[in-house]
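Presented below is the structure to which this report refers.
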Amino acid sequence: MSFLRRRSATPAGPDFDVLAMDPGDWPGNLGAGLLPAPDGTCQGVYLRYDLFGGRGPAMIIGNLPEGSPAREVTDGEIPFEVGQLLLALENDEEVTVVGSEDVPVMQGDNLLIVRRLKLSESRISCVQFDRSDNVLVTIAAWDRPITDDLYALLKPLPAELFQQG
């Protein structure tokens, strides 16, 4: 998985490739958030995909490197990305993880072991997988199932998307 490697040069944004859907492949608006650490390093990137027509957020994809505090969750606690989705929806209902299952999924020629999280709020779909560079990818979707064909749409986004100017 050559595109799932740590970059050697330090870019203006995160120091790892961000795996997500290309904004051109999404029929809506894209927003990105960076999680800065006190030392200025990037502790994660999350992308929020909103639908046109004011129908609200449909999906959040997070990329959290090893050591990111946002990865540290206790048993039953929701992933950071699910929390961001609930905030975007202005939903203050308490949601917990009630189970998970590991599922093998092909992405091109690569095999991913995807964890499908079962949540107390059944309208949220959530999956996670670890990349070869130890970045955890989490996809949280509202009122839509996450199907295997979504993984074919995931690709590294250009670093220019995350440069501050």
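Residues in the structure tokens are numbered from 1 in each chain, the chains being A, B, ... in the order shown, and ligands are numbered from 1 in the order shown.
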
Near-region 34-48 of chain A list (12 Å; only C-alpha atoms; drop same-chain fewer than 4 positions) as a ChimeraX atom specification: /A:10-23,26,28-30,56-71,79-89,135-142,157,159,161-164

Long-range neighbours of Asp149 (chain A) as an NGL selection string, 10 Å cut-off, only C-alpha atoms, 2 positions minimum in chain: :A and (105-107 or 146-147 or 151-154)

Could you write those residues out with N, CA, C and O atoms, as a short mmCIF file (atom, residue, chain, number, x, y, z; two decimals), in the first residue's frame?
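Result file selection-v9.cif:
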data_model
loop_
_atom_site.label_atom_id
_atom_site.label_comp_id
_atom_site.auth_asym_id
_atom_site.auth_seq_id
_atom_site.Cartn_x
_atom_site.Cartn_y
_atom_site.Cartn_z
N VAL A 105 -12.36 -6.86 4.16
CA VAL A 105 -12.83 -6.09 3.01
C VAL A 105 -11.65 -5.86 2.08
O VAL A 105 -10.55 -5.56 2.53
N MET A 106 -11.87 -6.02 0.78
CA MET A 106 -10.81 -5.74 -0.19
C MET A 106 -10.87 -4.28 -0.61
O MET A 106 -11.93 -3.75 -0.87
N GLN A 107 -9.72 -3.62 -0.64
CA GLN A 107 -9.59 -2.27 -1.19
C GLN A 107 -8.53 -2.39 -2.28
O GLN A 107 -7.33 -2.41 -2.01
N ILE A 146 -22.88 1.92 5.68
CA ILE A 146 -21.56 2.00 5.06
C ILE A 146 -21.34 0.67 4.37
O ILE A 146 -21.22 -0.36 5.02
N THR A 147 -21.31 0.70 3.03
CA THR A 147 -21.17 -0.53 2.26
C THR A 147 -19.74 -0.68 1.76
O THR A 147 -18.96 0.27 1.74
N TYR A 151 -15.13 1.77 0.26
CA TYR A 151 -13.69 1.65 0.41
C TYR A 151 -12.96 1.88 -0.91
O TYR A 151 -11.83 2.35 -0.92
N ALA A 152 -13.61 1.57 -2.04
CA ALA A 152 -12.99 1.80 -3.35
C ALA A 152 -12.87 3.30 -3.65
O ALA A 152 -12.04 3.70 -4.46
N LEU A 153 -13.68 4.12 -2.99
CA LEU A 153 -13.62 5.57 -3.19
C LEU A 153 -12.56 6.26 -2.33
O LEU A 153 -12.25 7.43 -2.55
N LEU A 154 -12.02 5.56 -1.35
CA LEU A 154 -11.02 6.17 -0.46
C LEU A 154 -9.68 6.28 -1.16
O LEU A 154 -9.21 5.34 -1.78
#

Close residues, Ser100 (chain A) itself excluded, 8 Å, only C-alpha atoms, min 6 positions apart in chain, as a list in words: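 Near neighbours after the sequence-gap exclusion: Arg115, Arg116, Leu117 and Lys118 of chain A.
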
DSSP-assigned strand (DSSP E) members of region 8-165 of chain A, reported as a ChimeraX atom specification: /A:18-21,28-36,42-51,57-64,97-107,110-119,124-130,136-142,154-157

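Inside chain A, the residues DSSP reads as alpha helix (DSSP H) when given the backbone are Phe80, Glu81, Val82, Gly83, Gln84, Leu85, Leu86, Leu87, Ala88, Leu150, Tyr151, Ala152 and Leu153 of chain A.
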
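Here CA of Asn91 (chain A) and CA of Gly31 (chain A) stand 18.9 Å from one another.
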
Between CA of Pro158 (chain A) and CA of Arg131 (chain A), distance in Å (one decimal):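 Atom-to-atom, CA of Pro158 (chain A) to CA of Arg131 (chain A), that is 17.5 Å.
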
Nearest-residue call for Asp25 (chain A), choices A:Asp133, A:Tyr49, A:Arg123, A:Glu101, using only C-alpha atoms: A:Tyr49

Coordinates-based distance that separates CA of Asp143 (chain A) from CA of Ser125 (chain A) (Å, one decimal):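 Taking CA of Ser125 (chain A) as the start and CA of Asp143 (chain A) as the end point, the length is 7.4 Å.
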